[in-house]
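Peer 1: Mind having a look at this structure? Questions to follow.
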Amino acid sequence: MQTYSAYKMLYFNFAKIQRHRIMGTNHSFEEKFQAYIDGENKIEPKDWMPEAYRKTLIRQISQHAHSEVIGMQPEANWITRAPSLRAKLILLAKVQDEAGHGLYLYSAAETLGETREKMIADLQSGKAKYSSIFNYPTPSWADMGTIGWLVDGAAIQNQVMLMRTSYGPYSRAMVKICKEESFHQRQGYEVVMKLAQGTPEQKAMAQESLNRWWWPSLMMFGPSDEHSPNSAQSMRWKIKRKSNDTLRQEFVDKTVPQAHYLGLTIPDPDLRWNEERGHYDFGAINWDEFYSVLKGHGPCNKERIEHHVAAHEEGQWVREAANAFAAKQAARKKANHAA
Amino acid sequence: MPLPPNKPLAKKPITQPKPPINMNKDHWKIWEVFLRSKNGLSHKHVGSLHAPDADMALKNARDVYCRRSEGISIWVVPSESITASTPDEKDPLFTPSDDKVYRHPTFYDIPDEVGHM
């Protein structure tokens, strides 16, 4: 008994030494890095990492941040005309959350050595992308429900996986975001549910909105695995933990019963339960549309960036005033100190 | 009935490439944010943000990190004021404690008859 617990501690140390050996001098940095990741360890900002890992993360996290920020626009479209004060308060809170999510993510990307100014400049010049879904318009109140239900639902599917991503700051940002995102999806489903259970005209509104958002939502998971060349490396580095097609299938399986509950029809004649696979089969996605929107030819690409640039420029005096005020306060403090 | 989209903030053509953002004028330093979730617990790092001064950093921290009663007290610290150890120092700093198993209570076996200790 005496020896057992001491032995246990020694064994524990032995395991640590083994881990050290893996990280020791006999392997290249890349091999050590991969072994460290394979051991389910998180990478933190100051740790050594391959340049490609850093670049991939900067690209992915900044695009994720841009999506949150641009994603405010389609919904902000309805803040001034929400059908009730309750709906308006909820929508305001949700849009404010999206701004917050963008900020968590920009901070996470900054830990990799990228500056905020550079990321915003890349968004505005079109060099950096954001999720294509936000290039679709929101002409109906029902869209506020459908976006929460489907678009945030798809985002959650992806983000729950990203809570386990290998880069510490990204993973921690995801934990915070996922906690808040659940409110987004539930409030969206509630909006759709109220319409679906309302008058025939209201139900038709919900159906019309679902018809427009269903396919773009499936495209949110990105190209099919065989056409997603960066996916394999991202999976090896455990930046991504599941493939695009796996996430898409999980989303369909979860969402179809939710549509059935509402008495709404998913606009896909090929959609059916496959007993053998234990999953829903669904129709072919129009990838031409996906790539066309990605390249800037979606219904609202131009409007979204134009609005971002305008808002940024109109906020310039606020940033300058804040800087001037901070300088004045600092000077005053210094003068008081000297006196 | 579909409504027209909101009026854009300004009508400026976007086809022209934008002048690069003025890095110096726009640059606000980075602050690290720590929150105490309730009395009795210590402040915990929750993330970072940009602000021109400490007052604005506090206000921004409230908006960015406390939208759902996450805290009752906020610390903001300029990132540049933090001195951190580097991963290279990990071994000299932390491995000496690895071989001192006798510092852990489980190193000692106390007979069951003695009861919880």
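We label chains A, B, ... in the order they appear in the structure tokens, count residues from 1 in each chain, and number ligands from 1 in the order shown.
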Mind checking which residues fall within 10 Å of Lys129 in chain A, counting only C-alpha atoms, ignoring those fewer than 6 positions away in the same chain, and posting them as a compact mmCIF listing (two decimals) with N, CA and C atoms, in the first residue's frame?

Peer 2:
# COMPACT_ATOMS: atom_id res chain seq x y z
N ARG A 59 -6.19 33.38 -41.11
CA ARG A 59 -7.20 33.46 -42.16
C ARG A 59 -8.56 33.01 -41.63
N GLN A 60 -8.59 31.86 -40.98
CA GLN A 60 -9.86 31.31 -40.52
C GLN A 60 -10.51 32.18 -39.44
N SER A 62 -9.95 35.39 -38.67
CA SER A 62 -10.36 36.73 -39.11
C SER A 62 -11.60 36.63 -40.00
N GLN A 63 -11.68 35.60 -40.84
CA GLN A 63 -12.88 35.45 -41.66
C GLN A 63 -14.10 35.15 -40.80
N HIS A 64 -13.87 34.41 -39.75
CA HIS A 64 -14.95 34.11 -38.81
C HIS A 64 -15.41 35.42 -38.15
N HIS A 66 -15.04 38.49 -39.39
CA HIS A 66 -15.73 39.30 -40.41
C HIS A 66 -17.17 38.83 -40.60
N SER A 67 -17.38 37.52 -40.54
CA SER A 67 -18.74 36.98 -40.72
C SER A 67 -19.67 37.47 -39.62
N ASP A 122 -8.27 44.35 -45.00
CA ASP A 122 -8.42 43.20 -45.90
C ASP A 122 -9.89 42.89 -46.18
N LEU A 123 -10.72 43.08 -45.16
CA LEU A 123 -12.16 42.86 -45.37
C LEU A 123 -12.69 43.87 -46.37
N LEU A 294 -19.52 33.61 -53.54
CA LEU A 294 -18.21 33.75 -52.90
C LEU A 294 -17.34 34.73 -53.67
N LYS A 295 -17.47 34.69 -55.00
CA LYS A 295 -16.64 35.57 -55.84
C LYS A 295 -17.15 36.99 -55.88
N GLY A 296 -18.28 37.24 -55.21
CA GLY A 296 -18.76 38.63 -55.15
C GLY A 296 -20.01 38.89 -55.96

Peer 1: Write out as a compact mmCIF listing (two decimals) with N, CA and C atoms, in the first residue's frame which residues come within 6 Å of range 70-74 of chain B when counting only C-alpha atoms, dropping same-chain ones fewer than 4 positions away.

Peer 2:
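Contents of the output file around_38.txt:
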# COMPACT_ATOMS: atom_id res chain seq x y z
N PHE B 34 -9.90 41.31 -17.11
CA PHE B 34 -10.07 40.30 -16.06
C PHE B 34 -11.39 40.57 -15.35
N LEU B 35 -12.16 39.52 -15.10
CA LEU B 35 -13.46 39.67 -14.44
C LEU B 35 -13.51 38.87 -13.14
N ARG B 36 -14.11 39.48 -12.11
CA ARG B 36 -14.47 38.72 -10.90
C ARG B 36 -15.94 38.36 -11.05
N SER B 37 -16.24 37.08 -11.11
CA SER B 37 -17.64 36.70 -11.37
C SER B 37 -18.50 36.92 -10.13
N LYS B 38 -17.95 36.70 -8.95
CA LYS B 38 -18.67 37.06 -7.73
C LYS B 38 -17.67 37.20 -6.58
N CYS B 66 -19.38 41.66 -20.58
CA CYS B 66 -20.37 41.54 -19.48
C CYS B 66 -21.79 41.81 -19.96

Peer 1: Near Asn301 in chain A, within 12 Å and counting only C-alpha atoms, which residues show up once chain neighbours fewer than 2 positions away are dropped, as a VMD selection string?

Peer 2: (chain A and resid 70 to 71 73 to 74 123 to 124 126 129 to 137 292 to 299 303 to 308) or (chain B and resid 14 to 15)

Peer 1: Might you pull out every residue within 9 Å of Ala196 in chain A, with only C-alpha atoms counted and same-chain residues fewer than 2 positions away left off, and present them as a ChimeraX atom specification?

Peer 2: /A:191-194,198-200,202-207,262-264

Peer 1: Within 8 Å of Thr255 in chain A, counting only C-alpha atoms, which residues show up once you throw out same-chain ones fewer than 4 positions away? Write them as a list in words, please.

Peer 2: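 Listing them by chain and then by number gives Leu150, Phe251 and Ala259 of chain A.
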
Peer 1: Keeping C-alpha atoms for every residue in the selection just given, could you write it to a file as a CSV table (one decimal), in the first residue's frame?

Peer 2:
chain,number,residue,atom,x,y,z
A,150,LEU,CA,-31.0,27.9,-39.7
A,251,PHE,CA,-27.2,19.7,-39.4
A,259,ALA,CA,-39.2,21.7,-39.7

Peer 1: What is the distance between CA of Arg164 in chain A and CA of Val33 in chain B, in Å to one decimal?

Peer 2: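 Between these atoms lies a distance of 22.8 Å.
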
Peer 1: Would you give me, as a PyMOL selection string, the residues in range 99-132 of chain A that DSSP reads as alpha helix (DSSP H)?

Peer 2: chain A and resi 99-110+116-125

Peer 1: Within range 74-315 of chain A, find each residue whose DSSP state, derived from the backbone, is strand (DSSP E), and express the selection as number ranges by chain.

Peer 2: A: 272-274, 279-281

Peer 1: Keeping only all heavy atoms, write those residues as a PDB file, in the first residue's frame.

Peer 2:
ATOM      1  N   ARG A 272     -35.095  12.430 -47.944  1.00  0.00           N
ATOM      2  CA  ARG A 272     -35.823  11.319 -47.310  1.00  0.00           C
ATOM      3  C   ARG A 272     -34.927  10.609 -46.303  1.00  0.00           C
ATOM      4  O   ARG A 272     -33.705  10.633 -46.411  1.00  0.00           O
ATOM      5  CB  ARG A 272     -36.390  10.336 -48.342  1.00  0.00           C
ATOM      6  CG  ARG A 272     -35.376   9.686 -49.278  1.00  0.00           C
ATOM      7  CD  ARG A 272     -36.073   8.785 -50.265  1.00  0.00           C
ATOM      8  NE  ARG A 272     -37.079   9.522 -51.044  1.00  0.00           N
ATOM      9  CZ  ARG A 272     -36.794  10.241 -52.144  1.00  0.00           C
ATOM     10  NH1 ARG A 272     -35.556  10.316 -52.587  1.00  0.00           N
ATOM     11  NH2 ARG A 272     -37.739  10.875 -52.796  1.00  0.00           N
ATOM     12  N   TRP A 273     -35.592   9.998 -45.322  1.00  0.00           N
ATOM     13  CA  TRP A 273     -34.876   9.267 -44.281  1.00  0.00           C
ATOM     14  C   TRP A 273     -34.280   7.996 -44.876  1.00  0.00           C
ATOM     15  O   TRP A 273     -34.971   7.247 -45.550  1.00  0.00           O
ATOM     16  CB  TRP A 273     -35.816   8.938 -43.113  1.00  0.00           C
ATOM     17  CG  TRP A 273     -35.134   8.123 -42.054  1.00  0.00           C
ATOM     18  CD1 TRP A 273     -35.332   6.799 -41.767  1.00  0.00           C
ATOM     19  CD2 TRP A 273     -34.130   8.574 -41.140  1.00  0.00           C
ATOM     20  NE1 TRP A 273     -34.523   6.397 -40.737  1.00  0.00           N
ATOM     21  CE2 TRP A 273     -33.770   7.465 -40.324  1.00  0.00           C
ATOM     22  CE3 TRP A 273     -33.487   9.792 -40.925  1.00  0.00           C
ATOM     23  CZ2 TRP A 273     -32.804   7.562 -39.319  1.00  0.00           C
ATOM     24  CZ3 TRP A 273     -32.527   9.875 -39.923  1.00  0.00           C
ATOM     25  CH2 TRP A 273     -32.200   8.768 -39.130  1.00  0.00           C
ATOM     26  N   ASN A 274     -33.030   7.762 -44.630  1.00  0.00           N
ATOM     27  CA  ASN A 274     -32.368   6.549 -45.107  1.00  0.00           C
ATOM     28  C   ASN A 274     -32.145   5.642 -43.904  1.00  0.00           C
ATOM     29  O   ASN A 274     -31.249   5.875 -43.093  1.00  0.00           O
ATOM     30  CB  ASN A 274     -31.039   6.934 -45.790  1.00  0.00           C
ATOM     31  CG  ASN A 274     -30.337   5.729 -46.387  1.00  0.00           C
ATOM     32  OD1 ASN A 274     -30.417   4.621 -45.851  1.00  0.00           O
ATOM     33  ND2 ASN A 274     -29.653   5.949 -47.492  1.00  0.00           N
ATOM     34  N   HIS A 279     -29.427   8.222 -41.523  1.00  0.00           N
ATOM     35  CA  HIS A 279     -29.346   9.670 -41.777  1.00  0.00           C
ATOM     36  C   HIS A 279     -30.366  10.057 -42.837  1.00  0.00           C
ATOM     37  O   HIS A 279     -30.894   9.197 -43.545  1.00  0.00           O
ATOM     38  CB  HIS A 279     -27.957  10.036 -42.325  1.00  0.00           C
ATOM     39  CG  HIS A 279     -26.849   9.866 -41.329  1.00  0.00           C
ATOM     40  ND1 HIS A 279     -26.713  10.658 -40.222  1.00  0.00           N
ATOM     41  CD2 HIS A 279     -25.812   8.969 -41.294  1.00  0.00           C
ATOM     42  CE1 HIS A 279     -25.643  10.267 -39.539  1.00  0.00           C
ATOM     43  NE2 HIS A 279     -25.090   9.238 -40.157  1.00  0.00           N
ATOM     44  N   TYR A 280     -30.600  11.369 -42.966  1.00  0.00           N
ATOM     45  CA  TYR A 280     -31.419  11.851 -44.080  1.00  0.00           C
ATOM     46  C   TYR A 280     -30.546  11.938 -45.321  1.00  0.00           C
ATOM     47  O   TYR A 280     -29.426  12.450 -45.269  1.00  0.00           O
ATOM     48  CB  TYR A 280     -32.000  13.235 -43.772  1.00  0.00           C
ATOM     49  CG  TYR A 280     -33.207  13.178 -42.869  1.00  0.00           C
ATOM     50  CD1 TYR A 280     -33.076  13.352 -41.495  1.00  0.00           C
ATOM     51  CD2 TYR A 280     -34.482  12.950 -43.397  1.00  0.00           C
ATOM     52  CE1 TYR A 280     -34.177  13.298 -40.657  1.00  0.00           C
ATOM     53  CE2 TYR A 280     -35.591  12.892 -42.563  1.00  0.00           C
ATOM     54  CZ  TYR A 280     -35.440  13.061 -41.202  1.00  0.00           C
ATOM     55  OH  TYR A 280     -36.526  13.001 -40.380  1.00  0.00           O
ATOM     56  N   ASP A 281     -31.077  11.448 -46.447  1.00  0.00           N
ATOM     57  CA  ASP A 281     -30.449  11.734 -47.742  1.00  0.00           C
ATOM     58  C   ASP A 281     -30.997  13.070 -48.213  1.00  0.00           C
ATOM     59  O   ASP A 281     -32.162  13.377 -47.968  1.00  0.00           O
ATOM     60  CB  ASP A 281     -30.833  10.660 -48.774  1.00  0.00           C
ATOM     61  CG  ASP A 281     -30.174   9.322 -48.461  1.00  0.00           C
ATOM     62  OD1 ASP A 281     -29.136   9.326 -47.769  1.00  0.00           O
ATOM     63  OD2 ASP A 281     -30.703   8.276 -48.893  1.00  0.00           O
TER      64      ASP A 281
END

Peer 1: Of the residues A:Val151, A:Met72, A:Ile266, A:Ala87, which is the one nearest to Glu190 in chain A, using only C-alpha atoms?

Peer 2: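 With only C-alpha atoms as the atom set, the closest residue is A:Ala87.
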
Peer 1: Determine the nearest neighbour of chain A from the options B:Leu58, B:Ile82, B:Val77, B:Val101, counting only C-alpha atoms.

Peer 2: B:Val101

Peer 1: Can you tell me which residues surround Asn60 in chain B at a distance of at most 10 Å, considering only C-alpha atoms, apart from same-chain residues fewer than 5 positions away, and format the answer as a count of residues only?

Peer 2: 9
